[in-house]
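Shown here: query.csv, CSV, C-alpha atoms.
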```
chain,number,residue,atom,x,y,z
A,1,MET,CA,14.0,18.9,17.3
A,2,HIS,CA,16.4,17.5,19.9
A,3,ARG,CA,16.6,13.8,20.4
A,4,ASN,CA,18.0,12.1,23.5
A,5,PRO,CA,20.2,9.3,22.1
A,6,SER,CA,20.0,7.2,25.2
A,7,ARG,CA,16.3,6.6,24.4
A,8,PRO,CA,15.8,3.9,21.7
A,9,LEU,CA,13.8,4.6,18.6
A,10,SER,CA,11.6,2.1,16.9
A,11,PRO,CA,13.9,-0.3,15.0
A,12,HIS,CA,15.6,-2.1,17.9
A,13,LEU,CA,14.9,-5.4,16.3
A,14,SER,CA,17.7,-7.2,18.0
A,15,VAL,CA,16.2,-6.9,21.5
A,16,TRP,CA,12.9,-8.6,20.5
A,17,ARG,CA,12.3,-12.4,20.5
A,18,TRP,CA,11.1,-13.4,17.0
A,19,GLY,CA,7.7,-14.9,16.6
A,20,PRO,CA,5.0,-15.0,13.9
A,21,HIS,CA,3.4,-11.7,15.2
A,22,MET,CA,6.8,-10.0,15.0
A,23,LEU,CA,7.5,-11.4,11.5
A,24,VAL,CA,4.1,-10.2,10.2
A,25,SER,CA,4.7,-6.8,11.7
A,26,ILE,CA,8.0,-6.3,9.8
A,27,LEU,CA,6.6,-8.0,6.7
A,28,HIS,CA,3.8,-5.5,6.7
A,29,ARG,CA,6.4,-2.7,6.5
A,30,ILE,CA,8.6,-4.5,3.9
A,31,THR,CA,5.8,-5.5,1.6
A,32,GLY,CA,4.3,-2.0,1.9
A,33,ALA,CA,7.7,-0.4,0.9
A,34,GLY,CA,8.0,-2.9,-2.0
A,35,LEU,CA,4.5,-2.2,-3.2
A,36,ALA,CA,5.0,1.6,-2.8
A,37,THR,CA,8.1,1.6,-5.0
A,38,VAL,CA,8.1,-1.4,-7.4
A,39,GLY,CA,4.3,-1.8,-7.5
A,40,ALA,CA,3.5,1.9,-7.8
A,41,GLY,CA,6.3,2.3,-10.4
A,42,THR,CA,4.8,-0.6,-12.5
A,43,LEU,CA,1.3,1.0,-12.3
A,44,VAL,CA,2.7,4.4,-13.5
A,45,TRP,CA,4.7,2.6,-16.3
A,46,TRP,CA,1.6,0.6,-17.4
A,47,LEU,CA,-0.6,3.7,-17.6
A,48,ALA,CA,2.0,5.9,-19.2
A,49,ALA,CA,2.8,3.2,-21.8
A,50,ALA,CA,-1.0,2.7,-22.5
A,51,ALA,CA,-1.3,6.5,-23.1
A,52,ASP,CA,1.8,6.6,-25.2
A,53,GLY,CA,0.7,4.1,-27.8
A,54,PRO,CA,0.9,0.5,-29.0
A,55,GLU,CA,4.7,0.4,-29.3
A,56,ALA,CA,5.3,1.6,-25.8
A,57,TYR,CA,2.6,-0.6,-24.5
A,58,GLN,CA,4.2,-3.6,-26.2
A,59,ALA,CA,7.5,-2.8,-24.7
A,60,PHE,CA,5.9,-2.8,-21.2
A,61,VAL,CA,4.1,-6.2,-22.0
A,62,ASP,CA,7.4,-7.7,-23.2
A,63,CYS,CA,9.1,-6.7,-19.9
A,64,VAL,CA,6.5,-7.9,-17.5
A,65,THR,CA,6.0,-11.2,-19.4
A,66,SER,CA,9.8,-11.9,-19.4
A,67,PRO,CA,11.0,-14.5,-16.8
A,68,LEU,CA,12.3,-11.6,-14.6
A,69,GLY,CA,9.1,-9.7,-15.0
A,70,ILE,CA,7.0,-12.7,-14.0
A,71,ALA,CA,9.3,-13.3,-11.0
A,72,ILE,CA,8.8,-9.7,-9.9
A,73,GLY,CA,5.0,-10.1,-10.6
A,74,VAL,CA,4.8,-13.1,-8.4
A,75,GLY,CA,6.7,-11.2,-5.7
A,76,LEU,CA,4.4,-8.2,-6.0
A,77,SER,CA,1.3,-10.2,-5.9
A,78,TRP,CA,2.5,-12.0,-2.7
A,79,ALA,CA,3.5,-8.6,-1.2
A,80,PHE,CA,0.0,-7.3,-2.1
A,81,PHE,CA,-1.8,-10.2,-0.4
A,82,GLN,CA,0.5,-10.2,2.6
A,83,HIS,CA,0.0,-6.5,3.1
A,84,LEU,CA,-3.7,-6.9,2.5
A,85,PHE,CA,-4.3,-9.7,5.0
A,86,SER,CA,-1.9,-8.1,7.5
A,87,GLY,CA,-3.7,-4.8,7.1
A,88,LEU,CA,-7.1,-6.5,7.8
A,89,ARG,CA,-5.5,-8.0,10.9
A,90,HIS,CA,-4.5,-4.4,11.9
A,91,PHE,CA,-8.1,-3.3,11.7
A,92,VAL,CA,-9.1,-5.9,14.2
A,93,MET,CA,-6.3,-4.9,16.5
A,94,ASP,CA,-7.2,-1.2,16.0
A,95,VAL,CA,-10.5,-1.9,17.8
A,96,GLY,CA,-8.6,-3.5,20.6
A,97,ALA,CA,-9.2,-7.2,19.8
A,98,GLY,CA,-6.8,-10.1,19.2
A,99,TYR,CA,-4.0,-9.1,21.6
A,100,GLU,CA,-4.1,-12.4,23.6
A,101,ILE,CA,-0.7,-13.9,22.8
A,102,GLU,CA,-2.0,-17.2,21.4
A,103,ARG,CA,-4.7,-15.6,19.3
A,104,ASN,CA,-2.3,-12.9,18.1
A,105,LYS,CA,0.2,-15.5,17.0
A,106,PHE,CA,-2.5,-17.6,15.3
A,107,TRP,CA,-3.8,-14.8,13.2
A,108,ALA,CA,-0.3,-13.6,12.4
A,109,THR,CA,0.5,-17.1,11.1
A,110,ALA,CA,-2.9,-17.1,9.3
A,111,THR,CA,-2.0,-14.0,7.3
A,112,ILE,CA,1.3,-15.6,6.1
A,113,ALA,CA,-0.5,-18.8,5.1
A,114,ALA,CA,-3.4,-16.9,3.4
A,115,ALA,CA,-1.0,-14.7,1.4
A,116,ILE,CA,0.9,-17.7,0.1
A,117,VAL,CA,-2.3,-19.6,-0.8
A,118,ALA,CA,-3.8,-16.5,-2.5
A,119,THR,CA,-0.6,-16.0,-4.5
A,120,ALA,CA,-0.5,-19.6,-5.6
A,121,LEU,CA,-4.2,-19.6,-6.6
A,122,LEU,CA,-3.8,-16.4,-8.6
A,123,TRP,CA,-0.9,-17.7,-10.5
A,124,ALA,CA,-2.4,-21.1,-11.0
A,125,TRP,CA,-5.4,-19.3,-12.5
A,126,LEU,CA,-3.2,-17.1,-14.7
A,127,VAL,CA,-1.1,-20.0,-16.0
A,128,VAL,CA,-4.0,-22.4,-16.7
A,129,PRO,CA,-4.8,-22.2,-20.4
A,130,THR,CA,-8.2,-20.8,-21.1
B,1,MET,CA,-6.5,14.7,32.5
B,2,SER,CA,-8.5,12.4,34.8
B,3,SER,CA,-7.3,8.9,35.6
B,4,PRO,CA,-8.1,6.1,33.1
B,5,ARG,CA,-10.6,4.7,35.6
B,6,THR,CA,-12.9,7.8,35.6
B,7,THR,CA,-12.9,8.6,31.9
B,8,ILE,CA,-15.1,7.3,29.1
B,9,THR,CA,-12.9,9.0,26.5
B,10,THR,CA,-11.4,6.5,24.0
B,11,PRO,CA,-7.7,6.4,23.4
B,12,LEU,CA,-8.1,7.8,19.9
B,13,ALA,CA,-10.1,10.8,21.2
B,14,ARG,CA,-7.4,11.4,23.9
B,15,ALA,CA,-4.7,11.3,21.2
B,16,ARG,CA,-6.4,13.7,18.8
B,17,GLY,CA,-4.7,17.0,18.7
B,18,HIS,CA,-1.8,15.8,20.9
B,19,GLY,CA,1.6,14.4,20.1
B,20,ALA,CA,4.7,16.2,18.9
B,21,SER,CA,3.2,17.6,15.7
B,22,GLY,CA,-0.4,17.8,17.0
B,23,GLU,CA,-1.5,15.7,14.1
B,24,GLY,CA,-0.4,12.1,14.8
B,25,ALA,CA,-4.0,10.9,15.2
B,26,HIS,CA,-4.9,12.6,11.9
B,27,HIS,CA,-2.0,10.8,10.2
B,28,TRP,CA,-3.1,7.5,11.7
B,29,TRP,CA,-6.7,8.1,10.6
B,30,ILE,CA,-5.7,9.1,7.0
B,31,GLU,CA,-3.7,5.8,6.9
B,32,ARG,CA,-6.9,3.9,7.8
B,33,VAL,CA,-9.2,5.8,5.5
B,34,THR,CA,-6.9,5.4,2.5
B,35,SER,CA,-6.3,1.8,3.2
B,36,VAL,CA,-10.0,1.0,3.0
B,37,SER,CA,-10.5,3.1,-0.2
B,38,THR,CA,-7.3,1.6,-1.8
B,39,LEU,CA,-8.6,-1.9,-0.9
B,40,LEU,CA,-12.0,-1.3,-2.4
B,41,LEU,CA,-10.5,0.3,-5.6
B,42,PHE,CA,-8.0,-2.6,-6.0
B,43,ILE,CA,-10.9,-5.1,-5.8
B,44,TRP,CA,-12.5,-3.2,-8.6
B,45,PHE,CA,-9.2,-3.0,-10.5
B,46,GLY,CA,-8.4,-6.7,-10.1
B,47,ALA,CA,-11.9,-7.8,-11.0
B,48,SER,CA,-11.9,-5.5,-14.1
B,49,LEU,CA,-8.5,-6.9,-15.3
B,50,LEU,CA,-9.7,-10.5,-14.8
B,51,LEU,CA,-13.0,-9.8,-16.7
B,52,LEU,CA,-11.3,-8.0,-19.7
B,53,PRO,CA,-11.1,-10.4,-22.7
B,54,ALA,CA,-7.5,-9.5,-23.2
B,55,LEU,CA,-4.9,-7.1,-21.9
B,56,ASP,CA,-3.6,-5.7,-25.2
B,57,HIS,CA,-3.3,-2.0,-25.9
B,58,ARG,CA,-6.5,-1.7,-27.8
B,59,THR,CA,-8.6,-3.5,-25.2
B,60,VAL,CA,-7.1,-1.7,-22.3
B,61,THR,CA,-7.3,1.8,-23.8
B,62,GLU,CA,-10.9,1.2,-24.9
B,63,TRP,CA,-11.8,0.1,-21.4
B,64,LEU,CA,-10.0,3.1,-19.8
B,65,SER,CA,-11.6,5.6,-22.1
B,66,ALA,CA,-15.0,5.0,-20.6
B,67,PRO,CA,-15.8,7.3,-17.6
B,68,VAL,CA,-17.0,4.2,-15.6
B,69,ALA,CA,-13.3,3.0,-15.7
B,70,ALA,CA,-11.4,6.3,-16.0
B,71,VAL,CA,-13.0,7.8,-12.9
B,72,PRO,CA,-12.3,4.8,-10.5
B,73,MET,CA,-8.8,4.6,-12.0
B,74,LEU,CA,-8.1,8.3,-11.1
B,75,LEU,CA,-9.5,7.6,-7.6
B,76,LEU,CA,-7.3,4.5,-7.4
B,77,ILE,CA,-4.2,6.6,-8.2
B,78,LEU,CA,-5.2,9.3,-5.7
B,79,SER,CA,-6.0,6.8,-2.9
B,80,THR,CA,-3.0,4.5,-3.6
B,81,PHE,CA,-0.4,7.3,-3.7
B,82,TRP,CA,-1.9,9.0,-0.7
B,83,HIS,CA,-1.7,5.8,1.2
B,84,LEU,CA,1.8,4.9,0.1
B,85,LYS,CA,3.0,8.5,1.0
B,86,VAL,CA,1.6,8.2,4.5
B,87,GLY,CA,3.1,4.7,4.9
B,88,LEU,CA,6.6,5.5,3.6
B,89,GLN,CA,6.6,8.6,5.8
B,90,VAL,CA,6.2,6.4,8.9
B,91,ILE,CA,9.2,4.3,7.7
B,92,ILE,CA,11.3,7.4,7.2
B,93,ASP,CA,10.2,8.8,10.6
B,94,ASP,CA,11.4,5.5,12.2
B,95,TYR,CA,14.6,4.9,10.4
B,96,VAL,CA,16.1,8.3,9.4
B,97,HIS,CA,17.3,9.5,12.8
B,98,ASP,CA,19.2,12.6,11.7
B,99,GLU,CA,16.6,15.4,11.9
B,100,GLY,CA,17.9,17.4,8.9
B,101,LEU,CA,18.2,14.3,6.7
B,102,ARG,CA,14.7,13.3,7.8
B,103,MET,CA,13.3,16.6,6.7
B,104,PHE,CA,15.1,16.4,3.4
B,105,THR,CA,13.9,12.8,2.8
B,106,LEU,CA,10.3,13.7,3.6
B,107,LEU,CA,10.5,16.6,1.2
B,108,ALA,CA,11.9,14.3,-1.5
B,109,LEU,CA,9.2,11.7,-0.8
B,110,ASN,CA,6.4,14.3,-1.1
B,111,PHE,CA,7.7,15.6,-4.4
B,112,ALA,CA,8.3,12.1,-5.8
B,113,VAL,CA,4.8,10.9,-4.8
B,114,VAL,CA,3.0,13.9,-6.2
B,115,ALA,CA,5.0,13.7,-9.5
B,116,ALA,CA,4.3,10.0,-9.9
B,117,ALA,CA,0.6,10.4,-9.1
B,118,ALA,CA,0.3,13.3,-11.5
B,119,TRP,CA,2.1,11.4,-14.2
B,120,ALA,CA,-0.3,8.4,-13.8
B,121,MET,CA,-3.4,10.6,-13.7
B,122,PHE,CA,-2.3,12.5,-16.8
B,123,ALA,CA,-1.9,9.2,-18.6
B,124,VAL,CA,-5.5,8.2,-17.7
B,125,LEU,CA,-6.8,11.6,-18.8
B,126,MET,CA,-4.9,11.3,-22.1
B,127,ILE,CA,-6.5,8.0,-22.8
B,128,ALA,CA,-10.0,9.0,-21.7
B,129,LEU,CA,-10.1,12.5,-23.2
B,130,GLY,CA,-8.1,11.6,-26.3
B,131,ALA,CA,-10.6,8.9,-27.1
B,132,ARG,CA,-13.4,11.4,-26.6
B,133,ALA,CA,-11.8,13.9,-28.9
B,134,GLY,CA,-11.5,11.2,-31.5
B,135,ALA,CA,-7.7,11.1,-31.5
```

Go ahead and express the file in the form of structure tokens.
Amino acid sequence: MHRNPSRPLSPHLSVWRWGPHMLVSILHRITGAGLATVGAGTLVWWLAAAADGPEAYQAFVDCVTSPLGIAIGVGLSWAFFQHLFSGLRHFVMDVGAGYEIERNKFWATATIAAAIVATALLWAWLVVPT
Amino acid sequence: MSSPRTTITTPLARARGHGASGEGAHHWWIERVTSVSTLLLFIWFGASLLLLPALDHRTVTEWLSAPVAAVPMLLLILSTFWHLKVGLQVIIDDYVHDEGLRMFTLLALNFAVVAAAAWAMFAVLMIALGARAGA
């Protein structure tokens, strides 16, 4: 396939003025890529370790409960919520709603706030001793 | 094609079967379908993990050995990996500009996704069928 190099392709980030809607757009992609690699890899590791036996499973648990593992876990859970809320926003936009600039910016900001709150609530719930 | 003023065709219906590969709308639709199924399955997954009394090996494998957990987990793997394949493909389409490299990257993506999904599914089947066989 021949491409005309004078016609720009998608990632011409430098020519757009940043706003919450633009931030959420690129966050959707970044969190999706993170979940698809680190998140999916962790899922495969967890299942394979469970199938392998108690020792392999314990090795997995030791890694994900280490300080680095928990930091990655917090990041993954935030990415999950951000991608989730941003994805729900995309469904609304798919039916043609929410394109008015103020409303669009409001819901873009709302996905960022909701993802941070959901991540904080999840980890507060996990850390609180039962 | 008639002017936009005189058609009642939706943009999606107009896009179906058109575009460079003739399947852009299909790709778009699969992305939506798998996003909904992945969301529903992850709600089940998250709720299941939170409801389990512990997440040690014995508890998790006993839980996964029952069909009521193994089947949704297999569907979750299928749905999630299908969705992430479609999503990563869009990123590759956008950022890998060299056509030959793009084809190679897409090929590698497809192989990697299928291999990872098969590995995960095989692990679930080992747990579920192994428990059934009394292993």

*asked:* With 6 Å as the limit and counting all atoms listed in the file, what residues in chain B lie close to chain A? Please list them as a list of chain:residue names.
replied: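 Interface list for chain B against chain A: B:His57, B:Leu84, B:Asp94, B:Ala120, B:Ala123, B:Ile127.
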
*Could you check how far CA of Pro72 (chain B) sits from CA of Val38 (chain A), in Å to one decimal?*
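If I compute the distance from CA of Pro72 (chain B) to CA of Val38 (chain A), I get 21.5 Å.
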
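One finds CA of Val68 (chain B) at 16.4 Å from CA of Leu50 (chain B).
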
*Which of B:Ile92, B:Ala117, B:Leu55, B:Leu39 sits closest to Phe104 (chain B) [using all atoms listed in the file]*: B:Ile92

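From CA of Ser86 (chain A) back to CA of Ile43 (chain B), the distance works out to 16.3 Å.
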
*Around the point (-1.1, -12.2, 14.7) in the file's coordinates, collect all residues with an atom within 9 Å, using all atoms listed in the file, and return them as number ranges by chain.*
A: 20-22, 24-25, 86, 89-90, 98-99, 101-111

*Find the residues near Leu129 (chain B): any atom within 12 Å, counting only C-alpha atoms, skip ones fewer than 6 places away on the same chain, and give them as an MDAnalysis selection string.*
(chainID A and resid 51) or (chainID B and resid 61:62 64:67 70:71 121:123 135)

*With a distance cut-off of 10 Å and all atoms listed in the file, select the neighbouring residues of Phe80 (chain A), excluding the residue or stretch itself and same-chain residues fewer than 5 positions from it, and output the selection as a list in words.*
His28, Thr31, Gly32, Gly34, Leu35, Gly39, Val74, Gly75, Phe85, Ser86, Ala115, Ala118 and Thr119 of chain A

Non-local contacts of Asn110 (chain B) (12 Å; all atoms listed in the file; under 3 positions in same chain excluded) as an mmCIF file with C-alpha atoms, in the coordinates of the input:
```
data_model
loop_
_atom_site.group_PDB
_atom_site.id
_atom_site.type_symbol
_atom_site.label_atom_id
_atom_site.label_comp_id
_atom_site.auth_asym_id
_atom_site.auth_seq_id
_atom_site.Cartn_x
_atom_site.Cartn_y
_atom_site.Cartn_z
ATOM 1 C CA PHE B 81 -0.400 7.300 -3.700
ATOM 2 C CA TRP B 82 -1.900 9.000 -0.700
ATOM 3 C CA HIS B 83 -1.700 5.800 1.200
ATOM 4 C CA LEU B 84 1.800 4.900 0.100
ATOM 5 C CA LYS B 85 3.000 8.500 1.000
ATOM 6 C CA VAL B 86 1.600 8.200 4.500
ATOM 7 C CA GLY B 87 3.100 4.700 4.900
ATOM 8 C CA LEU B 88 6.600 5.500 3.600
ATOM 9 C CA GLN B 89 6.600 8.600 5.800
ATOM 10 C CA ILE B 92 11.300 7.400 7.200
ATOM 11 C CA MET B 103 13.300 16.600 6.700
ATOM 12 C CA PHE B 104 15.100 16.400 3.400
ATOM 13 C CA THR B 105 13.900 12.800 2.800
ATOM 14 C CA LEU B 106 10.300 13.700 3.600
ATOM 15 C CA LEU B 107 10.500 16.600 1.200
ATOM 16 C CA VAL B 113 4.800 10.900 -4.800
ATOM 17 C CA VAL B 114 3.000 13.900 -6.200
ATOM 18 C CA ALA B 115 5.000 13.700 -9.500
ATOM 19 C CA ALA B 116 4.300 10.000 -9.900
ATOM 20 C CA ALA B 117 0.600 10.400 -9.100
#
```

*In terms of the shortest atom-to-atom distance over only C-alpha atoms, which of A:Ala59, A:Ile112, A:Leu27, A:Leu122 is closest to Gly73 (chain A)?*
A:Leu122

*Looking at all atoms listed in the file, which of B:Leu74, B:Leu109, B:Val36, B:Leu52 is the one that sits closest to Met126 (chain B)?*
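Of the candidates, the smallest distance to Met126 (chain B) is held by B:Leu74.
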